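Colleague: One structure is given below, represented as structure tokens, and several questions about it will come after.
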Amino acid sequence: MSLLFLSTSVAFVWINSTKKKYFPVQLQLQLQSPTLGYAVSMVLSCPYPPFMSEDVVRELQVQHKLQKSDIVIATYPKCGTTWAQQIVLEALNCHENIEAPTKCPWKASTWPEMSLSCSARKAKISGAKAVFDYCKSCDSDKVRVLKTHAPHHLRPWNAESGNSGRVIVVTRNPFDAAVSMFHHACDNEVFQYDGRAQGGVDSFCENLWMEGKCESGDFWEWHASWRREYEKKFSKKRILWILYENLTRDPLGEVRKIVQFLELNVSEKEVNKIVGRSSFSTMKQNFSENDAERAKKGEKIKKNHIRKGGVGGFQSIISAQVLHKFKQLHTENCRRLDLNLELFPT
Ligand code: A3P
């Protein structure tokens with residue numbers, strides 16, 4: 001594997017709370033391909049987006065306790081995270097007389113690894129201090145909806161509190177997920193990847209995604225890590241496994257599953273409301289309005305997050321030659337890691 005150190009930035013280590021002394025440490029970003037680019041931050045040997053701090057992830061695993069009322073959406077990136085966030089937030093709000101759907105599910109549902117990495121850097125404090133402050137400020141009476149893209153062993157909470165809270169894992173077939181990630185990487189300048197000018201989707205799949213070099217690492221290892229947890233005795237009450245494809249084909253049925261899992265008292269009329277408020281068209285409209293408002297204020301936006309959606313779009317995008325290799329790899333990895341192929345319908 002070719003490693004190329006890109007740049008360094010200064011972070012500060014929290015030494016102890018009485019002395020309040022900070023020492024700078026070097027963070028190194030890594031380019032996953034010397035020719036294609038694609039920058040990541042290596043966090044405990046797993047590629048994360050470049051803004052992530054290993055210090056924060058490590059501290060979350062020590063200090064952060066999951067609470068009984070917490071709801072976590074755990075996904076490999078591009079498998080339907082935002083959709084699940086919207087559904088859960090709408091389900092929690094559906095008794096309230098709120099006129100419009102949640103416009104920005106990202107604001108109402110935190111990604112602790114990201115928000116604390118960014119806030120620690122901005123405030124020039126260590127990960128330990130940022131996580132300490134966050135944990136202190138969490139209101140235990142409030143239901144938190146969190147998201148993570150971490151493989152199970154890097155989940156952002158202390159393992160001893162792991163039996164509290166509920167986790168919804170959303171998965172998607174690897175081919176559509178890879179195409180979605182390609183656009184995400186091109187549209188998000190932090191990755192320093194201009195794939196549309198360099199090799200396109202095929203090259204991205206072969207040289208980055210299928211190699212496990214993209215954010216969150218290897219797709220199959222990621223799913224095997226959560227699946228092992230799901231298969232454990234008594235886990236079904238704590239972990240719900242949802243397929244993006246089922247959500248697309250039968251949103252009413254899948255939303256019913258989610259509200260039952262969360263033990264929410266929701267009527268059939270409210271289930272319909274949740275489905276409407278989390279539909280592709282509603283979310284696309286809300287995101288573009290939100291992006292326009294933020295752009296007006298001069299804030300940075302990532303366009304096109306609610307991009308195309310659907311199942312099977314990859315068929316006309318990935319070349320037959322690459323798709324053949326990709327499908328072989330998928331079958332081999334599923335066999336090797338004991339993942340049922342039916343978890344990834346196309
Ligand atoms: P595409 O890029 O294939 O369009 P994530 O939120 O995990 O980053 O996933 C993003 C993917 O989910 C994008 O896929 C996006 O369009 C799709 N998506 C988001 N909301 C959706 C919805 N309500 N219905 C269907 N797909 C949705």
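Residue numbering restarts at 1 for every chain of the structure tokens, chains are lettered A, B, ... in their displayed order, and ligands are numbered from 1 as they appear.
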All residues within 7 Å of ligand 1 are required, counting only C-alpha atoms and all ligand atoms; please report them as an NGL selection string.
Modeller: :A and (75 or 77-83 or 176-177 or 179-181 or 183 or 248 or 278-280 or 283 or 305-310)
Colleague: Would you mind listing what lies within 12 Å of A:Lys257 as a list in words, with only C-alpha atoms counted and same-chain residues fewer than 3 positions away left out?
Modeller: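 Listed by chain and then number, they are Ile87, Val88, Ala91, Ile168, Ile239, Leu240, Trp241, Ile242, Leu243, Asn246, Leu247, Asp250, Pro251, Leu252, Gly253, Glu254, Gln260, Phe261, Leu262, Glu263, Leu264, Val266 and Val271 of chain A.
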Colleague: Extract the full set of alpha helix (DSSP H) residues from stretch 75-274 of chain A according to DSSP on the backbone, and format it as JSON, numbers by chain.
Modeller: {"A": [81, 82, 83, 84, 85, 86, 87, 88, 89, 90, 91, 92, 93, 105, 106, 107, 108, 112, 113, 114, 115, 116, 117, 118, 119, 120, 121, 122, 123, 127, 128, 129, 130, 131, 132, 133, 134, 135, 136, 137, 174, 175, 176, 177, 178, 179, 180, 181, 182, 183, 184, 185, 186, 187, 200, 201, 202, 203, 204, 219, 220, 221, 222, 223, 224, 225, 226, 227, 228, 229, 230, 244, 245, 246, 247, 248, 249, 251, 252, 253, 254, 255, 256, 257, 258, 259, 260, 261, 268, 269, 270, 271, 272, 273, 274]}
Colleague: Based on the backbone DSSP call, show me all residues of stretch 19-209 of chain A assigned strand (DSSP E), as a VMD selection string.
Modeller: chain A and resid 22 to 33 37 to 43 46 to 48 71 to 75 145 to 148 166 to 171
Colleague: Nearest to A:His95: which of A:Asn265, A:Asn173, A:Gln192, A:Ser119 is it, counting only C-alpha atoms?
Modeller: A:Asn265
Colleague: Counting only C-alpha atoms, which residues of stretch 99-118 of chain A sit at most 8 Å from some atom of stretch 141-160 of chain A, and what is each one's closest atom pair with its distance in Å to one decimal, listed by chain and rising residue number, as a Markdown table?
Modeller:
```
| residue | atom | partner | partner_atom | distance |
| --- | --- | --- | --- | --- |
| A:Ala108 | CA | A:Val145 | CA | 7.5 |
| A:Ser109 | CA | A:Val145 | CA | 4.9 |
| A:Thr110 | CA | A:Leu146 | CA | 4.9 |
| A:Trp111 | CA | A:Lys147 | CA | 4.9 |
| A:Pro112 | CA | A:Leu146 | CA | 7.3 |
| A:Glu113 | CA | A:Pro156 | CA | 7.0 |
```
Colleague: Pick from A:Lys136, A:Lys68, A:Arg294, A:His223: nearest to A:Leu341, with only C-alpha atoms counted?
Modeller: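 Of A:Lys136, A:Lys68, A:Arg294, A:His223, the one nearest A:Leu341, counting only C-alpha atoms, is A:His223.
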Colleague: In Å to one decimal, how far is atom CA of A:Arg249 from atom CA of A:Arg277?
Modeller: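 Between these atoms lies a distance of 16.4 Å.
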Colleague: For stretch 51-66 of chain A, work out the shell of residues within 7 Å, counting only C-alpha atoms and skipping chain neighbours fewer than 3 positions away, then give it as a list in words.
Modeller: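 The residues that qualify are Ser41, Val43, Leu44, Tyr48, Asp70, Glu113, Met114, Leu116, Ser117, Cys118, Gly127, Ala128, Val131, Phe132, Cys135, Pro156, Trp157, Asn158, Ser161, Gly162, Ser164 and Gly165 of chain A.
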Colleague: Any idea what's packed within 12 Å of A:Arg335, counting only C-alpha atoms, ignoring anything in its chain fewer than 5 positions away? Could you give it as an MDAnalysis selection string?
Modeller: chainID A and resid 220:221 224 328:330 340:342
Colleague: Please produce an output containing C-alpha atoms for each residue in the selection, written as a PDB file, in the first residue's frame.
Modeller:
```pdb
ATOM      1  CA  TRP A 220     -17.412  -6.387   4.271  1.00  0.00           C
ATOM      2  CA  GLU A 221     -15.297  -6.278   7.434  1.00  0.00           C
ATOM      3  CA  ALA A 224     -19.192  -8.546   9.653  1.00  0.00           C
ATOM      4  CA  GLN A 328     -16.631 -11.916  -7.433  1.00  0.00           C
ATOM      5  CA  LEU A 329     -15.023 -10.052  -4.551  1.00  0.00           C
ATOM      6  CA  HIS A 330     -18.434  -9.540  -2.920  1.00  0.00           C
ATOM      7  CA  ASN A 340     -25.534 -13.877   3.990  1.00  0.00           C
ATOM      8  CA  LEU A 341     -25.725 -12.571   0.391  1.00  0.00           C
ATOM      9  CA  GLU A 342     -29.416 -11.863   1.002  1.00  0.00           C
TER      10      GLU A 342
END
```
Colleague: Could you work out how far atom CA of A:Thr346 lies from atom CA of A:Gly312, giving the answer in Å with one decimal?
Modeller: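 Going from atom CA of A:Gly312 over to atom CA of A:Thr346 covers 5.7 Å.
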Colleague: So how far away is atom CA of A:Val322 from atom CA of A:Arg336, in Å?
Modeller: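 Separation of atom CA of A:Arg336 and atom CA of A:Val322: 20.9 Å.
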Colleague: For A:Asn207, list every protein, DNA or RNA residue within 9 Å, evaluated using only C-alpha atoms, and leave out those in the same chain fewer than 6 positions away; present the list as a list in words.
Modeller: Ser33, Leu36 and Lys213 of chain A
Colleague: Keeping only N, CA and C atoms, take the residues you just selected and write them out as a short mmCIF file (atom, residue, chain, number, x, y, z; two decimals), in the first residue's frame.
Modeller:
```
data_model
loop_
_atom_site.label_atom_id
_atom_site.label_comp_id
_atom_site.auth_asym_id
_atom_site.auth_seq_id
_atom_site.Cartn_x
_atom_site.Cartn_y
_atom_site.Cartn_z
N SER A 33 -3.99 7.18 -2.44
CA SER A 33 -3.36 6.83 -3.72
C SER A 33 -2.49 8.00 -4.15
N LEU A 36 -4.27 9.23 -7.47
CA LEU A 36 -5.67 9.66 -7.45
C LEU A 36 -5.99 10.62 -6.30
N LYS A 213 -9.96 1.24 1.10
CA LYS A 213 -9.19 2.44 1.42
C LYS A 213 -10.06 3.67 1.70
#
```
Colleague: When you count only C-alpha atoms, which of these residues is closest to A:Asn333: A:Ala295, A:Val311, A:Val40, A:Met210?
Modeller: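 The closest residue to A:Asn333 is A:Met210.
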Colleague: When you count only C-alpha atoms, which of these residues is closest to A:Lys236: A:Lys269, A:Arg256, A:Ile274, A:Asn163?
Modeller: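 Closest to A:Lys236 of all the choices is A:Asn163.
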